[in-house]
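Comments concern the structure below.
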Amino acid sequence: MHDVLIIGGGVIGLSLAWDLARHGCSVQVVDRQEMGREASWAGAGILPAAVYSPDSHPIDQLRGLACELHPQWSAELKAATGIDNGYWRCGGLNLARTPGEAASLAAWATLSREEGIPVEHLSPARLAEIEPGLIQFAEHSAPCTSYFIPGESQLRNPWHLKALKAACELAGVELTPHTAIDDIECANGEIKSLHTTTGSLRARQYCFTSGAWTGQLLQRLGIHLGIIPIRGQMVLFRCEQPPITRVINEGSRYLVPRQDGHVLAGSTEEEVGFDKRTTADTIAELTEFARDLVPALATATIEQTWAGLRPGSFDGLPYLGPLPNLCNAHLAAGHFRTGLYLSPATAQIMSQLIRGQKPQIDLSPFRILR
């Protein structure tokens, strides 16, 4: 019998498994399909800058801790597996084209500086100097406001997941794909076993990290969460040379350059249930957004399009902590657009909780029945 059984093999589940295994726990991860093929794989890998402060709100502490851990985890994963996850401190640009958007961005910049995050307000000339691929935007988009965040980073989602899976296996984690949960057996205030499509599974403790599907699973326990799937569509361009070198954010949409010449354009927020199909109109809108912002993309090849389902919560905060009325069950889900970003910090604090330690971050704002 394993110490911990994790239900959901996305970036949260695999990160938690790796952390637990490195602390001497025997761990099994079960997933209804291949490991890491849902929202974890589909995202752009943007890692916003943040600073950890024990006096800040727990969600800001979680962001700050994640920002500290990502370069450490990248180095440790590569040392353990030989796999580069593409971590790159490329910097980011935030843009606004209307007075209202500019005012909102200015308020964000003030708050960021108060938190200790370096942010530079750019003139159009400075924007063109920092990112020549945006020279037409800088010269012709008026009113135009832009800010440079040198601490913004990125990683390659598929590479990171590949490294995590390899690290888990090297650490002795049992990965069990293509195994769906049919039923959950409970007695005397604890989970006794999971009935799956491949047989019964038992462990001393359980943690649900099933992303957008977590709500459906927990209904079997009589727990109703506000986790809903939010579809995000993406476009991948292939260029001979990278047309930009920094993450570009405009509202909820973004462009993410890869060092091999690929550029990701995303993303949308659509409440369409568990429908992962792309739509021609939305892909066309994202393509137009990307090529309007970076004209060099007009001649770039669209290599691939796809969609993923983010696990959205009613208040934007993840659910982290013990499940009510069950002494051996926990939950880490509902990260919406920040699952990969917050994954190392989530793994660390949830590992502390599961191992009987006091988590370094107060989990009360993330409690299950808040």
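Residues are referred to by chain and number: the chain letter is A, B, ... according to the order shown in the structure tokens, the number counts from 1 in that chain, and ligands are numbered separately from 1 in the order shown.
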> Can you list every residue in stretch 157-348 of chain A that DSSP puts in alpha helix (DSSP H), as a PyMOL selection string?
Replying inline: chain A and resi 157-170+214-218+280-293+339-348
Could you find all residues in stretch 197-270 of chain A that DSSP calls strand (DSSP E or B) from the backbone, and write them as a short mmCIF file (atom, residue, chain, number, x, y, z; two decimals) with N, CA, C and O atoms, in the first residue's frame?
```
data_model
loop_
_atom_site.label_atom_id
_atom_site.label_comp_id
_atom_site.auth_asym_id
_atom_site.auth_seq_id
_atom_site.Cartn_x
_atom_site.Cartn_y
_atom_site.Cartn_z
N GLY A 199 -9.16 -1.90 -11.67
CA GLY A 199 -9.13 -2.59 -10.39
C GLY A 199 -9.20 -1.63 -9.22
O GLY A 199 -9.31 -0.41 -9.38
N SER A 200 -9.09 -2.18 -8.01
CA SER A 200 -9.19 -1.38 -6.79
C SER A 200 -7.81 -0.86 -6.39
O SER A 200 -6.81 -1.58 -6.49
N LEU A 201 -7.77 0.40 -5.94
CA LEU A 201 -6.52 1.02 -5.49
C LEU A 201 -6.70 1.52 -4.07
O LEU A 201 -7.73 2.11 -3.73
N ALA A 203 -4.58 3.38 -0.54
CA ALA A 203 -3.42 4.11 -0.02
C ALA A 203 -3.75 4.62 1.37
O ALA A 203 -4.92 4.60 1.81
N ARG A 204 -2.74 5.09 2.06
CA ARG A 204 -2.98 5.66 3.40
C ARG A 204 -3.63 7.05 3.29
O ARG A 204 -4.47 7.41 4.11
N GLN A 205 -3.20 7.82 2.28
CA GLN A 205 -3.77 9.14 2.07
C GLN A 205 -4.03 9.34 0.57
O GLN A 205 -3.39 8.70 -0.28
N TYR A 206 -4.95 10.28 0.29
CA TYR A 206 -5.36 10.53 -1.09
C TYR A 206 -5.33 12.04 -1.34
O TYR A 206 -5.63 12.83 -0.44
N CYS A 207 -5.01 12.42 -2.57
CA CYS A 207 -5.09 13.84 -2.94
C CYS A 207 -5.64 13.94 -4.35
O CYS A 207 -5.13 13.30 -5.28
N PHE A 208 -6.68 14.75 -4.50
CA PHE A 208 -7.33 14.94 -5.79
C PHE A 208 -6.71 16.17 -6.48
O PHE A 208 -6.79 17.29 -5.97
N ILE A 228 -15.29 24.82 -12.67
CA ILE A 228 -15.90 24.62 -13.98
C ILE A 228 -14.81 24.68 -15.05
O ILE A 228 -13.79 25.35 -14.88
N PRO A 229 -15.00 23.97 -16.17
CA PRO A 229 -14.02 24.03 -17.25
C PRO A 229 -14.15 25.32 -18.04
O PRO A 229 -15.25 25.72 -18.43
N ILE A 230 -13.02 25.99 -18.27
CA ILE A 230 -12.98 27.21 -19.07
C ILE A 230 -12.05 26.95 -20.25
O ILE A 230 -10.84 26.77 -20.07
N ARG A 231 -12.62 26.94 -21.44
CA ARG A 231 -11.81 26.62 -22.62
C ARG A 231 -10.91 27.78 -23.02
O ARG A 231 -11.32 28.94 -23.02
N GLY A 232 -9.68 27.45 -23.38
CA GLY A 232 -8.75 28.42 -23.94
C GLY A 232 -8.18 27.89 -25.24
O GLY A 232 -7.70 26.76 -25.30
N GLN A 233 -8.27 28.68 -26.30
CA GLN A 233 -7.77 28.27 -27.60
C GLN A 233 -6.41 28.92 -27.88
O GLN A 233 -6.14 30.03 -27.40
N MET A 234 -5.58 28.22 -28.66
CA MET A 234 -4.19 28.65 -28.89
C MET A 234 -3.82 28.50 -30.36
O MET A 234 -4.34 27.63 -31.07
N VAL A 235 -2.89 29.35 -30.80
CA VAL A 235 -2.32 29.26 -32.14
C VAL A 235 -0.80 29.23 -32.00
O VAL A 235 -0.22 30.03 -31.27
N LEU A 236 -0.16 28.31 -32.73
CA LEU A 236 1.30 28.19 -32.72
C LEU A 236 1.85 28.57 -34.09
O LEU A 236 1.53 27.92 -35.10
N PHE A 237 2.67 29.63 -34.13
CA PHE A 237 3.33 30.06 -35.36
C PHE A 237 4.75 29.48 -35.40
O PHE A 237 5.41 29.36 -34.37
N ARG A 238 5.20 29.19 -36.61
CA ARG A 238 6.59 28.78 -36.81
C ARG A 238 7.29 29.81 -37.70
O ARG A 238 6.83 30.07 -38.82
N VAL A 247 7.86 37.94 -23.67
CA VAL A 247 6.42 37.70 -23.56
C VAL A 247 5.70 39.03 -23.70
O VAL A 247 6.09 40.04 -23.09
N ILE A 248 4.65 39.04 -24.50
CA ILE A 248 3.86 40.26 -24.71
C ILE A 248 2.45 40.01 -24.22
O ILE A 248 1.77 39.08 -24.68
N ASN A 249 1.99 40.83 -23.28
CA ASN A 249 0.66 40.70 -22.70
C ASN A 249 -0.18 41.92 -23.06
O ASN A 249 0.26 43.06 -22.89
N GLU A 250 -1.38 41.66 -23.54
CA GLU A 250 -2.35 42.74 -23.75
C GLU A 250 -3.70 42.25 -23.25
O GLU A 250 -4.34 41.42 -23.90
N ARG A 253 -4.91 38.45 -23.45
CA ARG A 253 -4.25 37.78 -24.57
C ARG A 253 -2.74 38.02 -24.52
O ARG A 253 -2.26 38.97 -23.89
N TYR A 254 -2.01 37.15 -25.19
CA TYR A 254 -0.55 37.21 -25.09
C TYR A 254 0.10 36.57 -26.30
O TYR A 254 -0.51 35.80 -27.04
N LEU A 255 1.38 36.91 -26.46
CA LEU A 255 2.28 36.24 -27.40
C LEU A 255 3.48 35.76 -26.60
O LEU A 255 4.03 36.51 -25.79
N VAL A 256 3.89 34.53 -26.84
CA VAL A 256 5.03 33.95 -26.12
C VAL A 256 6.04 33.44 -27.13
O VAL A 256 5.76 32.49 -27.87
N PRO A 257 7.23 34.06 -27.19
CA PRO A 257 8.25 33.59 -28.13
C PRO A 257 9.05 32.43 -27.56
O PRO A 257 9.33 32.39 -26.36
N HIS A 262 9.45 29.53 -32.67
CA HIS A 262 8.01 29.39 -32.50
C HIS A 262 7.46 30.56 -31.68
O HIS A 262 8.14 31.10 -30.82
N VAL A 263 6.22 30.92 -31.96
CA VAL A 263 5.51 31.94 -31.19
C VAL A 263 4.11 31.42 -30.90
O VAL A 263 3.38 31.00 -31.82
N LEU A 264 3.71 31.46 -29.64
CA LEU A 264 2.37 31.06 -29.21
C LEU A 264 1.49 32.30 -29.11
O LEU A 264 1.92 33.33 -28.57
N ALA A 265 0.28 32.20 -29.60
CA ALA A 265 -0.72 33.26 -29.44
C ALA A 265 -1.92 32.70 -28.69
O ALA A 265 -2.45 31.65 -29.04
N GLY A 266 -2.32 33.37 -27.63
CA GLY A 266 -3.47 32.91 -26.85
C GLY A 266 -4.04 34.11 -26.10
O GLY A 266 -3.51 35.21 -26.17
N GLU A 270 -13.71 30.67 -22.39
CA GLU A 270 -15.02 30.31 -22.89
C GLU A 270 -15.66 29.25 -22.00
O GLU A 270 -15.05 28.23 -21.72
#
```
> Between A:Ser123, A:Thr245, A:Asn325, A:Gln216, which is the closest to A:Val294 once you count only C-alpha atoms?
Replying inline: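 Result for the nearest residue to A:Val294: A:Thr245.
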>> I'd like the neighbourhood of A:Trp159 as a ChimeraX atom specification, where a residue qualifies if any of its atoms comes within 8 Å (using only C-alpha atoms), though same-chain residues fewer than 2 positions away should be ignored.
In response: /A:83-86,156-157,161-163
Take the residues just selected and output them with N, CA and C atoms as a PDB file, in the first residue's frame.
```
ATOM      1  N   ILE A  83      16.781  16.401 -18.798  1.00  0.00           N
ATOM      2  CA  ILE A  83      15.791  17.046 -19.662  1.00  0.00           C
ATOM      3  C   ILE A  83      15.702  18.529 -19.331  1.00  0.00           C
ATOM      4  N   ASP A  84      15.879  19.372 -20.330  1.00  0.00           N
ATOM      5  CA  ASP A  84      15.752  20.824 -20.187  1.00  0.00           C
ATOM      6  C   ASP A  84      14.280  21.194 -20.327  1.00  0.00           C
ATOM      7  N   ASN A  85      13.716  21.870 -19.338  1.00  0.00           N
ATOM      8  CA  ASN A  85      12.295  22.249 -19.418  1.00  0.00           C
ATOM      9  C   ASN A  85      12.071  23.601 -20.077  1.00  0.00           C
ATOM     10  N   GLY A  86      13.135  24.215 -20.590  1.00  0.00           N
ATOM     11  CA  GLY A  86      12.982  25.460 -21.333  1.00  0.00           C
ATOM     12  C   GLY A  86      12.807  26.691 -20.473  1.00  0.00           C
ATOM     13  N   ARG A 156       8.703  25.641 -21.253  1.00  0.00           N
ATOM     14  CA  ARG A 156       8.008  24.900 -22.299  1.00  0.00           C
ATOM     15  C   ARG A 156       7.171  23.802 -21.641  1.00  0.00           C
ATOM     16  N   ASN A 157       5.879  23.957 -21.669  1.00  0.00           N
ATOM     17  CA  ASN A 157       4.997  23.028 -20.951  1.00  0.00           C
ATOM     18  C   ASN A 157       5.270  21.558 -21.251  1.00  0.00           C
ATOM     19  N   LEU A 161       6.659  18.861 -18.411  1.00  0.00           N
ATOM     20  CA  LEU A 161       5.912  17.656 -18.036  1.00  0.00           C
ATOM     21  C   LEU A 161       6.729  16.398 -18.298  1.00  0.00           C
ATOM     22  N   LYS A 162       7.466  16.379 -19.403  1.00  0.00           N
ATOM     23  CA  LYS A 162       8.335  15.236 -19.687  1.00  0.00           C
ATOM     24  C   LYS A 162       9.390  15.074 -18.605  1.00  0.00           C
ATOM     25  N   ALA A 163       9.967  16.203 -18.169  1.00  0.00           N
ATOM     26  CA  ALA A 163      10.976  16.156 -17.105  1.00  0.00           C
ATOM     27  C   ALA A 163      10.357  15.705 -15.788  1.00  0.00           C
TER      28      ALA A 163
END
```
> In terms of the shortest atom-to-atom distance over only C-alpha atoms, which of A:Leu134, A:Ala284, A:Ala107, A:Leu331 is closest to A:Leu218?
Replying inline: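 Ranked by minimum distance to A:Leu218, first place goes to A:Leu331.
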>> Excluding A:Lys276 and its own-chain neighbours fewer than 5 positions away, which residues fall within 7 Å of it when counting only C-alpha atoms? Please give them as a PyMOL selection string.
In response: chain A and resi 231+307-309
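Residues in contact range of A:Pro132, defined as at most 10 Å between only C-alpha atoms, with sequence neighbours fewer than 6 positions away removed, read Ala125, Arg126, Ala138, Pro243, Ile244, Thr245 and Val294 of chain A.
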>> Can you measure atom CA of A:Glu174 to atom CA of A:Arg37 for me? One decimal in Å is fine.
In response: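 Calculated distance between atom CA of A:Glu174 and atom CA of A:Arg37 is 17.5 Å.
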>> Just want the 10 Å neighbourhood of A:Ala106, counted on only C-alpha atoms, with same-chain residues fewer than 2 positions away dropped. Output as a PyMOL selection string.
In response: chain A and resi 96+100-104+108-112+121+145-147
For the residues in the current selection, export all heavy atoms as a compact mmCIF listing (two decimals), in the first residue's frame.
```txt
# COMPACT_ATOMS: atom_id res chain seq x y z
N ALA A 96 -1.17 48.50 -23.47
CA ALA A 96 -2.55 49.00 -23.42
C ALA A 96 -2.75 49.96 -24.58
O ALA A 96 -1.85 50.74 -24.92
CB ALA A 96 -2.82 49.72 -22.10
N GLY A 100 -8.73 53.70 -20.85
CA GLY A 100 -9.17 52.87 -19.74
C GLY A 100 -8.19 51.75 -19.44
O GLY A 100 -7.85 51.49 -18.27
N GLU A 101 -7.71 51.08 -20.50
CA GLU A 101 -6.73 50.02 -20.31
C GLU A 101 -5.42 50.57 -19.76
O GLU A 101 -4.76 49.94 -18.92
CB GLU A 101 -6.48 49.31 -21.64
CG GLU A 101 -7.67 48.50 -22.14
CD GLU A 101 -7.49 48.04 -23.58
OE1 GLU A 101 -6.56 48.52 -24.25
OE2 GLU A 101 -8.31 47.22 -24.03
N ALA A 102 -5.05 51.77 -20.21
CA ALA A 102 -3.81 52.39 -19.72
C ALA A 102 -3.91 52.72 -18.24
O ALA A 102 -2.95 52.53 -17.48
CB ALA A 102 -3.51 53.65 -20.53
N ALA A 103 -5.07 53.22 -17.79
CA ALA A 103 -5.25 53.54 -16.38
C ALA A 103 -5.18 52.27 -15.53
O ALA A 103 -4.57 52.27 -14.46
CB ALA A 103 -6.60 54.24 -16.18
N SER A 104 -5.81 51.21 -16.02
CA SER A 104 -5.76 49.93 -15.29
C SER A 104 -4.34 49.41 -15.20
O SER A 104 -3.90 48.93 -14.15
CB SER A 104 -6.67 48.92 -15.99
OG SER A 104 -6.60 47.67 -15.35
N TRP A 108 -1.88 48.71 -11.92
CA TRP A 108 -1.18 47.43 -11.74
C TRP A 108 0.31 47.66 -11.53
O TRP A 108 0.94 47.03 -10.67
CB TRP A 108 -1.41 46.54 -12.96
CG TRP A 108 -0.44 45.40 -13.04
CD1 TRP A 108 -0.55 44.18 -12.44
CD2 TRP A 108 0.80 45.40 -13.75
NE1 TRP A 108 0.56 43.42 -12.73
CE2 TRP A 108 1.40 44.14 -13.53
CE3 TRP A 108 1.46 46.34 -14.56
CZ2 TRP A 108 2.63 43.80 -14.09
CZ3 TRP A 108 2.68 46.00 -15.11
CH2 TRP A 108 3.26 44.74 -14.88
N ALA A 109 0.92 48.58 -12.31
CA ALA A 109 2.34 48.85 -12.19
C ALA A 109 2.68 49.43 -10.82
O ALA A 109 3.69 49.07 -10.22
CB ALA A 109 2.78 49.81 -13.30
N THR A 110 1.84 50.32 -10.31
CA THR A 110 2.07 50.89 -8.98
C THR A 110 2.03 49.82 -7.91
O THR A 110 2.90 49.76 -7.04
CB THR A 110 1.00 51.97 -8.69
OG1 THR A 110 1.12 53.02 -9.65
CG2 THR A 110 1.18 52.53 -7.30
N LEU A 111 1.02 48.94 -7.99
CA LEU A 111 0.90 47.86 -7.02
C LEU A 111 2.10 46.91 -7.12
O LEU A 111 2.64 46.48 -6.09
CB LEU A 111 -0.40 47.10 -7.25
CG LEU A 111 -0.68 45.92 -6.30
CD1 LEU A 111 -0.76 46.40 -4.86
CD2 LEU A 111 -1.98 45.22 -6.70
N SER A 112 2.53 46.60 -8.33
CA SER A 112 3.67 45.71 -8.51
C SER A 112 4.93 46.29 -7.89
O SER A 112 5.69 45.58 -7.21
CB SER A 112 3.89 45.44 -10.01
OG SER A 112 2.79 44.76 -10.58
N HIS A 121 8.21 51.89 -16.93
CA HIS A 121 7.27 52.50 -17.88
C HIS A 121 8.05 52.92 -19.11
O HIS A 121 9.08 53.61 -19.01
CB HIS A 121 6.58 53.70 -17.24
CG HIS A 121 5.55 54.32 -18.11
ND1 HIS A 121 5.36 55.69 -18.21
CD2 HIS A 121 4.62 53.77 -18.94
CE1 HIS A 121 4.39 55.96 -19.05
NE2 HIS A 121 3.92 54.81 -19.50
N THR A 145 0.36 52.65 -24.17
CA THR A 145 1.08 52.58 -22.90
C THR A 145 1.73 51.22 -22.80
O THR A 145 1.11 50.21 -23.15
CB THR A 145 0.13 52.79 -21.71
OG1 THR A 145 -0.46 54.08 -21.80
CG2 THR A 145 0.88 52.68 -20.39
N SER A 146 2.96 51.20 -22.33
CA SER A 146 3.64 49.91 -22.20
C SER A 146 4.55 49.92 -20.99
O SER A 146 5.08 50.95 -20.60
CB SER A 146 4.45 49.59 -23.47
OG SER A 146 5.42 50.58 -23.70
N TYR A 147 4.71 48.72 -20.41
CA TYR A 147 5.58 48.53 -19.25
C TYR A 147 6.44 47.29 -19.49
O TYR A 147 5.97 46.29 -20.06
CB TYR A 147 4.75 48.34 -17.97
CG TYR A 147 3.99 49.56 -17.53
CD1 TYR A 147 2.74 49.85 -18.07
CD2 TYR A 147 4.53 50.44 -16.60
CE1 TYR A 147 2.04 50.97 -17.67
CE2 TYR A 147 3.83 51.57 -16.19
CZ TYR A 147 2.58 51.83 -16.73
OH TYR A 147 1.89 52.96 -16.34
```
> Between A:Pro359, A:Trp88, A:Arg113, A:Thr268, which one has atoms that come closest to A:Glu285, using only C-alpha atoms?
Replying inline: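 Answer, going by the shortest atom-to-atom distance: A:Thr268.
Distance annotation: of A:Arg277, A:His335, A:Arg355, A:His70, the residue with the minimal separation from A:Ser26 is A:Arg355; atom set is only C-alpha atoms.
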